[in-house]
Amino acid sequence: MKRREFIKYGAYGVTVVAFGSMVTIPQFIKVGAARLPNGGTLKLSMKEVLFEMVDKRPVYHWAFADAMHGPRIPGVMLMAREGEMINIALTNEMDEAHAFAIPGVVDSGPLAAGESRTLTFAAPRGGTYLYFDPLNAPVNRVMGLYGAMIVLPAAGNTPYSDPTPLVQGLFDALGDQGTMPEFFPGDAWDPARNWVWLFAAVDHKKNEMVRNLPAGQAIDPEVFLDGYLPQYFLLTGKSGFFSSHDPEIFPHGNIGQPAIIRTLNAGLATHSPHIHGTHLAQIAVDGVVAENPFSLDTWSLPPLGRVDLFHPFVAPLDAFPWPPSNILEFPMPFTMHCHTEMSQTAAGGNYPQGAVTDWEIRSPQVGGPEASEEEFPSFRGMDPAMFKRTSTAGRGSAGHVAKESGHGSH
Amino acid sequence: MADTNLRNDKELPVIVRDEVHADHVLFIDADGNPVTDLDMFERFSCKIPNLNPDTPDRVEPDLVNEREFFEDDLPLLPGGGRIRIFGFKEPDGEPQFPAPTMRWVEGKIIHSIVHMKKNTHTIHHHGMDGTNFNDGVGHTGFEVSGSYTHQFKPRVAGTYLYHCHKNTVLHFEMGMYGFLIVDPPVEGAPFRDGGRGMVRRMNDIVPYDVEAMWAVDEFDTRWHRPINHLAGLACPFYNSSQVNAFVPTGDENVGLHDFRPDVFLVSGVASTGEPIADRRVAVQAAWGDTILIRLLNAGYTVQEYLFPDLTVEVVDVDGRPLGHEPEGTFSRPFTIAAGTPFRLTTARRYSMLVTPAEIGRHPFKVRFLHWITGREVGRLETFIDVL
């Protein structure tokens with residue numbers, strides 16, 4: 001897969017650490033991925049932060065901070081190969097007990113204030129995992145201590161160690177011109193083509209309630225949940241305009257460049273994400289590979305839910321004609337938003353500044369490499385009143401660094 | 001307070017949001033004008049083009065439907081009280097809720113025309129995988145101030161919906177939706193709502209005798225007070241020179257994050273607590289009839305459904321027939337056993353076939369679960385009578 005130079009990192013959004021043999025896969029997922037060769041240790045601490053919402057309201061949060069990227073919400077994305085060892089050196093920099101766990105895989109147990117501990121565990125079976133602080137559930141997770149881990153299987157052409165027959169059949173058909181050339185005319189799945197949509201919600205009043213407790217005193221989860229009403233909705237740490245214009249969050253590619261979208265929910269709302277312009281095959285739910293990977297345009301994502309979706313990147317089935325005669329309709333964007341539409345608000349309104357992003361057909365040409373900005377110069381030639389939008393090249397916002405000051409904290 | 005151990009006395013690192021720069025030029029548009037971060041933010045948020053463009057690559061249609069906007073008080077509350085509805089109607093039709101079904105035929109060229117007399121709206125044909133230009137989404141396209149003709153060629157029969165995609169959180173709840181059905185390419189299609197027809201089951205086309213079309217919904221009646229179409233829209237720069245200002249975030253915010261349903265309906269018929277017997281909802285079939293149930297979660301709750309004594313077969317999810325080649329090659333129809341609850345979240349659809357073996361009344365029950373707390377906030381019941 002061709003990765004362009006434009007990808008930059010804001011102070012929030014997607015950061016990645018690749019473990020073990022993942023470091024030898026060139027440009028696996030993210031250009032800027034930090035790499036930890038075999039035996040390397042990720043230093044991960046838990047700390048208090050202020051996290052600016054989409055309207056710039058700073059909201060008190062708890063964050064995992066890694067030594068390479070600083071505090072992030074979600075925490076740094078972990079990439080690993082099944083069976084290889086992962087070392088994480090944890091430090092709790094907060095006043096009450098915290099922990100790091102991936103259910104069914106690893107659990108640090110409580111770390112007291114100031115305590116450090118190193119976890120060593122083998123990467124589990126191929127799939128999508130949520131890591132989080134399970135203590136005082138669900139408070140510590142909802143306060144921001146969560147992140148995603150992606151594990152690729154030790155072998156095979158699917159995302160899974162033990163694919164079901166229909167999931168295996170689906171991946172075998174990709175790029176196999178003998179099987180379904182009219183439907184899958186392009187490439188096999190490139191394991192670099194993954195995107196992560198990690199949903200979360202924030203009730204700033206509850207976070208403020210936690211902040212105002214005496215240091216070290218945990219809030220009663222029943223008090224936290226009583227009247228809990230989120231006012232901000234995040235997709236992989238961003239909202240609205242910002243999640244819609246970050247190429248690390250919006251999937252893109254030519255027709256015939258299939259991708260995996262890994263969706264997770266760290267928050268307390270049940271989401272109903274809806275994608276426009278395509279259907280997706282639901283290939284795994286909560287870590288279980290689907291026996292029946294049917295296609296859908298809307299799926300259910302309850303709290304702690306994990307749903308993996310296969311994006312075929314086929315020509316839109318119901319479009320006529322395809323491709324459109326005006327090549328300037330490319331790159332062609334479509335929206336993806338949660339259809340439980342309260343999640344599209346921020347601070348009670350401000351539609352559509354909630355859990356929303358785009359995906360984009362880069363060009364109608366079939367298969368990789370992905371069309372370049374020069375070949376498909378966005379909408380620049382069109383009536384600007386019609387499509388006054390940026391090119392993909394302009395979509396990444398300028399990077400900023402986390403301010404280690406007390407800005408806004410008083 | 002003097003207690004220096006309070007957390008908020010600490011200086012904390014800040015995870016900052018990206019900036020929206022008023023002076024950062026992203027590209028030069030076709031007219032030679034610079035387009036900045038701020039232009040793009042406004043383009044996404046509120047300064048959405050209001051247009052009535054020609055349909056790209058327009059051809060002569062096989063089927064045409066037209067819809068226009070209305071706003072009216074309709075007698076939809078339990079007991080017949082009126083409630084403010086935004087909706088779609090046919091140009092010569094009466095206001096109704098849900099909006100009249102669009103009924104298309106697989107493989108035909110479709111023109112779906114929207115007319116707006118005042119304000120702007122859109123139609124999103126949900127589940128129709130067309131081009132962006134025909135997708136009906138303002139922030140990736142445009143809103144319609146006069147009229148626009150959407151062009152599609154639906155590839156495969158199934159159950160879809162259509163709805164307004166402007167300020168969707170409000171307009172979908174206010175009633176701007178209806179079923180969109182694509183019938184298979186057989187004689188008699190498109191079929192009449194509720195009557196006999198044909199449906200895709202894997203690679204076959206099979207008959208049904210009765211069609212149930214259940215759009216299960218709720219109202220938060222607070223949201224239906226006469227309300228500005230734009231309530232809650234993010235137009236932060238219209239009234240402010242401050243680049244990062246948003247609309248009010250205090251107690252005066254419009255509260256579109258806070259949904260508290262108090263009326264529970266199926267296809268426009270509100271539950272009074274008794275099983276809904278209205279013939280628009282309750283099904284009457286003869287013994288031996290095959291019933292096709294098109295089920296849509298048109299609300300903002302998690303809906304849990306139950307057929308206590310019927311086992312149904314799901315033949316279509318979100319407009320894609322299971323096991324139909326090529327797009328459904330790697331899927332199969334599945335059954336939901338009698339007595340097994342199942343759930344759909346907002347805008348999901350199942351098409352289900354059932355041929356009841358027993359004469360009598362077969363209940364269909366819905367529990368409405370809050371999208372955050374998961375608590376039951378309402379329930380209703382209707383039935384299939386087999387005579």
# chains A, B, ... in the order shown; residues from 1 in each chain; ligands from 1
$ residues_around --residues "region 330-346 of chain A" --least-positions-apart "2" --cutoff "6 Å" --atoms "only C-alpha atoms" --output "JSON, numbers by chain"
{"A": [231, 232, 233, 272, 273, 274, 275, 276, 327, 328, 348, 349, 350, 351, 352, 353, 354, 355, 356, 357, 358, 359, 360, 361, 362, 363, 378], "B": [169, 256, 257, 300, 346]}
$ write_last_selection --atoms "N, CA and C atoms" --output "mmCIF file, in the first residue's frame"
data_model
loop_
_atom_site.group_PDB
_atom_site.id
_atom_site.type_symbol
_atom_site.label_atom_id
_atom_site.label_comp_id
_atom_site.auth_asym_id
_atom_site.auth_seq_id
_atom_site.Cartn_x
_atom_site.Cartn_y
_atom_site.Cartn_z
ATOM 1 N N GLN A 231 -22.559 14.605 27.020
ATOM 2 C CA GLN A 231 -22.769 15.766 26.141
ATOM 3 C C GLN A 231 -21.750 15.805 25.004
ATOM 4 N N TYR A 232 -20.772 14.911 25.036
ATOM 5 C CA TYR A 232 -19.776 14.862 23.962
ATOM 6 C C TYR A 232 -19.603 13.414 23.523
ATOM 7 N N PHE A 233 -19.386 13.229 22.216
ATOM 8 C CA PHE A 233 -19.292 11.885 21.652
ATOM 9 C C PHE A 233 -18.065 11.826 20.757
ATOM 10 N N SER A 272 -25.317 2.926 17.212
ATOM 11 C CA SER A 272 -25.868 2.258 16.036
ATOM 12 C C SER A 272 -25.208 2.885 14.803
ATOM 13 N N PRO A 273 -23.932 2.575 14.589
ATOM 14 C CA PRO A 273 -23.209 3.242 13.504
ATOM 15 C C PRO A 273 -23.783 2.854 12.147
ATOM 16 N N HIS A 274 -23.866 3.862 11.265
ATOM 17 C CA HIS A 274 -24.433 3.680 9.921
ATOM 18 C C HIS A 274 -23.450 4.219 8.896
ATOM 19 N N ILE A 275 -23.118 3.394 7.905
ATOM 20 C CA ILE A 275 -22.209 3.840 6.852
ATOM 21 C C ILE A 275 -23.009 4.089 5.582
ATOM 22 N N HIS A 276 -22.672 5.161 4.896
ATOM 23 C CA HIS A 276 -23.302 5.499 3.624
ATOM 24 C C HIS A 276 -22.461 4.947 2.476
ATOM 25 N N ILE A 327 -15.243 12.960 -13.768
ATOM 26 C CA ILE A 327 -14.209 12.374 -12.929
ATOM 27 C C ILE A 327 -13.924 13.261 -11.713
ATOM 28 N N LEU A 328 -14.391 14.505 -11.786
ATOM 29 C CA LEU A 328 -14.146 15.409 -10.669
ATOM 30 C C LEU A 328 -15.040 15.101 -9.474
ATOM 31 N N GLY A 348 -25.165 19.504 23.703
ATOM 32 C CA GLY A 348 -26.615 19.578 23.572
ATOM 33 C C GLY A 348 -27.124 19.993 22.206
ATOM 34 N N GLY A 349 -26.211 20.380 21.305
ATOM 35 C CA GLY A 349 -26.626 20.790 19.956
ATOM 36 C C GLY A 349 -25.441 20.660 19.032
ATOM 37 N N ASN A 350 -25.203 21.720 18.253
ATOM 38 C CA ASN A 350 -24.001 21.763 17.409
ATOM 39 C C ASN A 350 -23.908 20.600 16.436
ATOM 40 N N TYR A 351 -25.067 20.064 15.973
ATOM 41 C CA TYR A 351 -25.046 19.015 14.963
ATOM 42 C C TYR A 351 -24.186 19.465 13.791
ATOM 43 N N PRO A 352 -23.348 18.671 13.177
ATOM 44 C CA PRO A 352 -23.000 17.282 13.472
ATOM 45 C C PRO A 352 -21.596 17.164 14.078
ATOM 46 N N GLN A 353 -21.422 17.658 15.297
ATOM 47 C CA GLN A 353 -20.077 17.661 15.902
ATOM 48 C C GLN A 353 -19.915 16.513 16.905
ATOM 49 N N GLY A 354 -20.529 15.365 16.605
ATOM 50 C CA GLY A 354 -20.398 14.211 17.482
ATOM 51 C C GLY A 354 -19.623 13.083 16.852
ATOM 52 N N ALA A 355 -20.101 11.848 17.056
ATOM 53 C CA ALA A 355 -19.385 10.642 16.611
ATOM 54 C C ALA A 355 -19.666 10.401 15.134
ATOM 55 N N VAL A 356 -18.864 11.022 14.287
ATOM 56 C CA VAL A 356 -19.068 10.985 12.842
ATOM 57 C C VAL A 356 -17.709 10.980 12.162
ATOM 58 N N THR A 357 -17.629 10.319 11.011
ATOM 59 C CA THR A 357 -16.447 10.461 10.167
ATOM 60 C C THR A 357 -16.886 10.262 8.721
ATOM 61 N N ASP A 358 -15.930 10.199 7.827
ATOM 62 C CA ASP A 358 -16.192 9.956 6.418
ATOM 63 C C ASP A 358 -15.460 8.693 5.994
ATOM 64 N N TRP A 359 -15.787 8.214 4.824
ATOM 65 C CA TRP A 359 -14.870 7.327 4.105
ATOM 66 C C TRP A 359 -14.874 7.801 2.666
ATOM 67 N N GLU A 360 -13.912 7.374 1.905
ATOM 68 C CA GLU A 360 -13.689 8.034 0.629
ATOM 69 C C GLU A 360 -13.229 7.037 -0.428
ATOM 70 N N ILE A 361 -13.945 7.054 -1.566
ATOM 71 C CA ILE A 361 -13.460 6.311 -2.729
ATOM 72 C C ILE A 361 -12.474 7.225 -3.435
ATOM 73 N N ARG A 362 -11.235 6.818 -3.377
ATOM 74 C CA ARG A 362 -10.186 7.688 -3.899
ATOM 75 C C ARG A 362 -10.328 7.858 -5.415
ATOM 76 N N SER A 363 -10.564 6.752 -6.105
ATOM 77 C CA SER A 363 -10.774 6.821 -7.553
ATOM 78 C C SER A 363 -11.507 5.564 -7.983
ATOM 79 N N SER A 378 -9.205 16.061 -6.316
ATOM 80 C CA SER A 378 -10.381 16.414 -5.518
ATOM 81 C C SER A 378 -11.390 17.208 -6.327
ATOM 82 N N VAL B 169 -30.709 14.679 13.881
ATOM 83 C CA VAL B 169 -31.110 14.345 15.248
ATOM 84 C C VAL B 169 -32.525 14.843 15.519
ATOM 85 N N LEU B 256 -30.522 18.394 22.657
ATOM 86 C CA LEU B 256 -30.747 17.295 21.707
ATOM 87 C C LEU B 256 -29.896 16.057 22.018
ATOM 88 N N HIS B 257 -29.190 16.085 23.125
ATOM 89 C CA HIS B 257 -28.499 14.880 23.595
ATOM 90 C C HIS B 257 -29.368 14.119 24.587
ATOM 91 N N TYR B 300 -34.985 5.990 18.752
ATOM 92 C CA TYR B 300 -33.668 6.278 19.328
ATOM 93 C C TYR B 300 -33.412 5.442 20.580
ATOM 94 N N THR B 346 -31.047 1.677 16.220
ATOM 95 C CA THR B 346 -31.629 2.648 15.287
ATOM 96 C C THR B 346 -31.268 2.392 13.831
#
$ select_by_dssp --residues "region 3-247 of chain A" --states "alpha helix (DSSP H)" --output "PyMOL selection string"
chain A and resi 139-142+165-173+204-211+221-225+240-244
$ atom_distance --atom1 "CA of Lys56 (chain A)" --atom2 "CA of Gly255 (chain B)"
18.7 Å
$ residues_around --residues "region 35-42 of chain B" --least-positions-apart "4" --cutoff "7 Å" --atoms "only C-alpha atoms" --output "list in words"
Phe241, Arg389 and Thr390 of chain A; Val20, His21, Ala22, Asp23, His24, Val25, Leu26, Phe27, Ile28, Asp29, Cys46 and Lys47 of chain B
$ write_last_selection --atoms "N, CA, C and O atoms" --output "PDB file, in the first residue's frame"
ATOM      1  N   PHE A 241     -16.171  17.683  12.859  1.00  0.00           N
ATOM      2  CA  PHE A 241     -15.283  18.106  11.771  1.00  0.00           C
ATOM      3  C   PHE A 241     -13.922  17.429  11.879  1.00  0.00           C
ATOM      4  O   PHE A 241     -13.330  17.042  10.872  1.00  0.00           O
ATOM      5  N   ARG A 389     -14.676  21.866  -0.644  1.00  0.00           N
ATOM      6  CA  ARG A 389     -14.122  20.975   0.371  1.00  0.00           C
ATOM      7  C   ARG A 389     -12.660  20.762   0.082  1.00  0.00           C
ATOM      8  O   ARG A 389     -12.176  21.028  -1.001  1.00  0.00           O
ATOM      9  N   THR A 390     -11.993  20.266   1.074  1.00  0.00           N
ATOM     10  CA  THR A 390     -10.562  20.120   0.945  1.00  0.00           C
ATOM     11  C   THR A 390     -10.215  18.887   0.142  1.00  0.00           C
ATOM     12  O   THR A 390     -10.993  17.953   0.014  1.00  0.00           O
TER      13      THR A 390
ATOM     14  N   VAL B  20      -8.737  25.440  14.292  1.00  0.00           N
ATOM     15  CA  VAL B  20      -9.338  25.817  13.015  1.00  0.00           C
ATOM     16  C   VAL B  20      -8.746  27.181  12.665  1.00  0.00           C
ATOM     17  O   VAL B  20      -9.032  28.170  13.319  1.00  0.00           O
ATOM     18  N   HIS B  21      -7.878  27.167  11.680  1.00  0.00           N
ATOM     19  CA  HIS B  21      -7.151  28.400  11.357  1.00  0.00           C
ATOM     20  C   HIS B  21      -7.897  29.179  10.281  1.00  0.00           C
ATOM     21  O   HIS B  21      -8.187  28.653   9.209  1.00  0.00           O
ATOM     22  N   ALA B  22      -8.163  30.417  10.572  1.00  0.00           N
ATOM     23  CA  ALA B  22      -8.861  31.267   9.609  1.00  0.00           C
ATOM     24  C   ALA B  22      -7.949  31.658   8.453  1.00  0.00           C
ATOM     25  O   ALA B  22      -8.427  32.085   7.407  1.00  0.00           O
ATOM     26  N   ASP B  23      -6.648  31.537   8.652  1.00  0.00           N
ATOM     27  CA  ASP B  23      -5.718  32.037   7.641  1.00  0.00           C
ATOM     28  C   ASP B  23      -4.877  30.927   7.009  1.00  0.00           C
ATOM     29  O   ASP B  23      -3.951  31.205   6.256  1.00  0.00           O
ATOM     30  N   HIS B  24      -5.174  29.672   7.329  1.00  0.00           N
ATOM     31  CA  HIS B  24      -4.404  28.565   6.755  1.00  0.00           C
ATOM     32  C   HIS B  24      -5.062  28.123   5.454  1.00  0.00           C
ATOM     33  O   HIS B  24      -6.133  27.514   5.458  1.00  0.00           O
ATOM     34  N   VAL B  25      -4.433  28.418   4.320  1.00  0.00           N
ATOM     35  CA  VAL B  25      -5.011  28.101   3.019  1.00  0.00           C
ATOM     36  C   VAL B  25      -4.747  26.638   2.690  1.00  0.00           C
ATOM     37  O   VAL B  25      -3.597  26.188   2.668  1.00  0.00           O
ATOM     38  N   LEU B  26      -5.829  25.899   2.452  1.00  0.00           N
ATOM     39  CA  LEU B  26      -5.698  24.479   2.116  1.00  0.00           C
ATOM     40  C   LEU B  26      -5.482  24.294   0.618  1.00  0.00           C
ATOM     41  O   LEU B  26      -4.691  23.465   0.192  1.00  0.00           O
ATOM     42  N   PHE B  27      -6.230  25.025  -0.175  1.00  0.00           N
ATOM     43  CA  PHE B  27      -6.051  24.951  -1.619  1.00  0.00           C
ATOM     44  C   PHE B  27      -6.721  26.165  -2.255  1.00  0.00           C
ATOM     45  O   PHE B  27      -7.446  26.918  -1.588  1.00  0.00           O
ATOM     46  N   ILE B  28      -6.464  26.339  -3.534  1.00  0.00           N
ATOM     47  CA  ILE B  28      -7.073  27.423  -4.292  1.00  0.00           C
ATOM     48  C   ILE B  28      -8.190  26.813  -5.136  1.00  0.00           C
ATOM     49  O   ILE B  28      -7.973  25.833  -5.846  1.00  0.00           O
ATOM     50  N   ASP B  29      -9.369  27.361  -5.028  1.00  0.00           N
ATOM     51  CA  ASP B  29     -10.495  26.755  -5.740  1.00  0.00           C
ATOM     52  C   ASP B  29     -10.490  27.161  -7.218  1.00  0.00           C
ATOM     53  O   ASP B  29      -9.617  27.899  -7.683  1.00  0.00           O
ATOM     54  N   CYS B  46     -22.215  24.348   9.014  1.00  0.00           N
ATOM     55  CA  CYS B  46     -23.424  25.158   8.904  1.00  0.00           C
ATOM     56  C   CYS B  46     -23.559  25.846   7.568  1.00  0.00           C
ATOM     57  O   CYS B  46     -24.673  26.008   7.088  1.00  0.00           O
ATOM     58  N   LYS B  47     -22.479  26.261   6.952  1.00  0.00           N
ATOM     59  CA  LYS B  47     -22.613  26.949   5.665  1.00  0.00           C
ATOM     60  C   LYS B  47     -22.624  25.916   4.549  1.00  0.00           C
ATOM     61  O   LYS B  47     -21.728  25.845   3.703  1.00  0.00           O
TER      62      LYS B  47
END
$ closest_residue --among "A:Gln365, A:Thr41, A:Thr263, A:Gln217" --to "chain B" --atoms "only C-alpha atoms"
A:Gln217
$ select_by_dssp --residues "region 83-168 of chain B" --states "strand (DSSP E)" --output "VMD selection string"
chain B and resid 83 to 89 99 to 105 110 to 115 124 to 126 143 to 144 147 to 152 158 to 163
$ residues_around --residues "Ile150 (chain A)" --least-positions-apart "2" --cutoff "7 Å" --atoms "only C-alpha atoms" --output "VMD selection string"
chain A and resid 78 to 80 127 to 129 148 152
$ atom_distance --atom1 "CA of Asp172 (chain A)" --atom2 "CA of Ala259 (chain A)"
14.2 Å
$ atom_distance --atom1 "CA of Asp289 (chain B)" --atom2 "CA of Asp309 (chain B)"
16.3 Å
$ residues_around --residues "Lys205 (chain A)" --least-positions-apart "4" --cutoff "12 Å" --atoms "only C-alpha atoms" --output "ChimeraX atom specification"
/A:57-61,143,209-212,224-232,347 /B:250
$ residues_around --residues "Ile276 (chain B)" --least-positions-apart "4" --cutoff "10 Å" --atoms "only C-alpha atoms" --output "PDB file with N, CA, C and O atoms, in the first residue's frame"
ATOM      1  N   LEU B 265     -44.783   3.821  19.470  1.00  0.00           N
ATOM      2  CA  LEU B 265     -45.625   3.628  18.289  1.00  0.00           C
ATOM      3  C   LEU B 265     -45.085   2.535  17.375  1.00  0.00           C
ATOM      4  O   LEU B 265     -43.880   2.249  17.360  1.00  0.00           O
ATOM      5  N   VAL B 266     -45.984   1.991  16.577  1.00  0.00           N
ATOM      6  CA  VAL B 266     -45.602   1.180  15.425  1.00  0.00           C
ATOM      7  C   VAL B 266     -46.282   1.793  14.210  1.00  0.00           C
ATOM      8  O   VAL B 266     -47.519   1.950  14.198  1.00  0.00           O
ATOM      9  N   VAL B 269     -49.010   4.319  14.792  1.00  0.00           N
ATOM     10  CA  VAL B 269     -50.089   3.999  15.725  1.00  0.00           C
ATOM     11  C   VAL B 269     -49.484   3.896  17.128  1.00  0.00           C
ATOM     12  O   VAL B 269     -48.635   3.034  17.382  1.00  0.00           O
ATOM     13  N   ALA B 270     -49.942   4.795  18.026  1.00  0.00           N
ATOM     14  CA  ALA B 270     -49.379   4.839  19.370  1.00  0.00           C
ATOM     15  C   ALA B 270     -50.000   3.772  20.257  1.00  0.00           C
ATOM     16  O   ALA B 270     -51.187   3.462  20.149  1.00  0.00           O
ATOM     17  N   SER B 271     -49.189   3.253  21.142  1.00  0.00           N
ATOM     18  CA  SER B 271     -49.680   2.278  22.106  1.00  0.00           C
ATOM     19  C   SER B 271     -50.400   2.985  23.240  1.00  0.00           C
ATOM     20  O   SER B 271     -49.931   3.997  23.758  1.00  0.00           O
ATOM     21  N   THR B 272     -51.559   2.440  23.624  1.00  0.00           N
ATOM     22  CA  THR B 272     -52.268   2.945  24.804  1.00  0.00           C
ATOM     23  C   THR B 272     -52.031   2.043  26.001  1.00  0.00           C
ATOM     24  O   THR B 272     -52.598   2.264  27.066  1.00  0.00           O
ATOM     25  N   ARG B 280     -53.741  -1.078  10.538  1.00  0.00           N
ATOM     26  CA  ARG B 280     -52.517  -0.628   9.879  1.00  0.00           C
ATOM     27  C   ARG B 280     -51.291  -1.350  10.441  1.00  0.00           C
ATOM     28  O   ARG B 280     -50.222  -1.309   9.848  1.00  0.00           O
ATOM     29  N   VAL B 281     -51.472  -1.959  11.623  1.00  0.00           N
ATOM     30  CA  VAL B 281     -50.339  -2.585  12.304  1.00  0.00           C
ATOM     31  C   VAL B 281     -50.582  -4.085  12.511  1.00  0.00           C
ATOM     32  O   VAL B 281     -49.801  -4.926  12.058  1.00  0.00           O
ATOM     33  N   ALA B 282     -51.658  -4.407  13.224  1.00  0.00           N
ATOM     34  CA  ALA B 282     -51.947  -5.810  13.513  1.00  0.00           C
ATOM     35  C   ALA B 282     -52.236  -6.549  12.200  1.00  0.00           C
ATOM     36  O   ALA B 282     -52.890  -6.018  11.311  1.00  0.00           O
ATOM     37  N   PHE B 364     -46.705 -10.097  19.200  1.00  0.00           N
ATOM     38  CA  PHE B 364     -45.395  -9.530  18.924  1.00  0.00           C
ATOM     39  C   PHE B 364     -45.178  -8.430  19.959  1.00  0.00           C
ATOM     40  O   PHE B 364     -45.993  -7.509  20.072  1.00  0.00           O
ATOM     41  N   LEU B 380     -44.629  -2.127  24.140  1.00  0.00           N
ATOM     42  CA  LEU B 380     -45.895  -2.214  23.423  1.00  0.00           C
ATOM     43  C   LEU B 380     -46.047  -3.623  22.875  1.00  0.00           C
ATOM     44  O   LEU B 380     -45.118  -4.449  22.913  1.00  0.00           O
ATOM     45  N   GLU B 381     -47.250  -3.866  22.361  1.00  0.00           N
ATOM     46  CA  GLU B 381     -47.568  -5.186  21.857  1.00  0.00           C
ATOM     47  C   GLU B 381     -48.556  -5.055  20.713  1.00  0.00           C
ATOM     48  O   GLU B 381     -49.439  -4.204  20.719  1.00  0.00           O
ATOM     49  N   THR B 382     -48.385  -5.888  19.705  1.00  0.00           N
ATOM     50  CA  THR B 382     -49.388  -6.050  18.672  1.00  0.00           C
ATOM     51  C   THR B 382     -49.432  -7.560  18.370  1.00  0.00           C
ATOM     52  O   THR B 382     -48.921  -8.358  19.168  1.00  0.00           O
ATOM     53  N   PHE B 383     -50.048  -7.946  17.250  1.00  0.00           N
ATOM     54  CA  PHE B 383     -50.218  -9.397  17.060  1.00  0.00           C
ATOM     55  C   PHE B 383     -50.462  -9.727  15.601  1.00  0.00           C
ATOM     56  O   PHE B 383     -50.772  -8.855  14.772  1.00  0.00           O
TER      57      PHE B 383
END
$ residues_around --residues "Ala337 (chain B)" --least-positions-apart "6" --cutoff "10 Å" --atoms "only C-alpha atoms" --output "PDB file with N, CA, C and O atoms, in the first residue's frame"
ATOM      1  N   LEU B 306     -39.916  -9.670  20.576  1.00  0.00           N
ATOM      2  CA  LEU B 306     -40.179 -11.051  20.963  1.00  0.00           C
ATOM      3  C   LEU B 306     -41.421 -11.576  20.250  1.00  0.00           C
ATOM      4  O   LEU B 306     -42.486 -10.949  20.304  1.00  0.00           O
ATOM      5  N   PHE B 307     -41.262 -12.700  19.571  1.00  0.00           N
ATOM      6  CA  PHE B 307     -42.395 -13.508  19.120  1.00  0.00           C
ATOM      7  C   PHE B 307     -42.470 -14.693  20.083  1.00  0.00           C
ATOM      8  O   PHE B 307     -41.657 -15.615  19.986  1.00  0.00           O
ATOM      9  N   PRO B 308     -43.418 -14.685  21.015  1.00  0.00           N
ATOM     10  CA  PRO B 308     -43.421 -15.766  22.012  1.00  0.00           C
ATOM     11  C   PRO B 308     -43.660 -17.140  21.397  1.00  0.00           C
ATOM     12  O   PRO B 308     -43.153 -18.142  21.916  1.00  0.00           O
ATOM     13  N   ASP B 309     -44.433 -17.196  20.297  1.00  0.00           N
ATOM     14  CA  ASP B 309     -44.807 -18.526  19.805  1.00  0.00           C
ATOM     15  C   ASP B 309     -44.616 -18.683  18.299  1.00  0.00           C
ATOM     16  O   ASP B 309     -45.203 -19.571  17.700  1.00  0.00           O
ATOM     17  N   LEU B 310     -43.831 -17.821  17.694  1.00  0.00           N
ATOM     18  CA  LEU B 310     -43.540 -17.975  16.267  1.00  0.00           C
ATOM     19  C   LEU B 310     -42.029 -18.013  16.049  1.00  0.00           C
ATOM     20  O   LEU B 310     -41.296 -17.202  16.621  1.00  0.00           O
ATOM     21  N   THR B 311     -41.595 -18.933  15.210  1.00  0.00           N
ATOM     22  CA  THR B 311     -40.202 -18.961  14.769  1.00  0.00           C
ATOM     23  C   THR B 311     -40.159 -18.328  13.381  1.00  0.00           C
ATOM     24  O   THR B 311     -40.886 -18.753  12.476  1.00  0.00           O
ATOM     25  N   VAL B 312     -39.341 -17.288  13.246  1.00  0.00           N
ATOM     26  CA  VAL B 312     -39.288 -16.554  11.982  1.00  0.00           C
ATOM     27  C   VAL B 312     -37.930 -16.784  11.321  1.00  0.00           C
ATOM     28  O   VAL B 312     -36.936 -17.094  11.987  1.00  0.00           O
ATOM     29  N   GLU B 313     -37.912 -16.614  10.013  1.00  0.00           N
ATOM     30  CA  GLU B 313     -36.659 -16.728   9.274  1.00  0.00           C
ATOM     31  C   GLU B 313     -36.282 -15.352   8.723  1.00  0.00           C
ATOM     32  O   GLU B 313     -37.085 -14.737   8.001  1.00  0.00           O
TER      33      GLU B 313
END
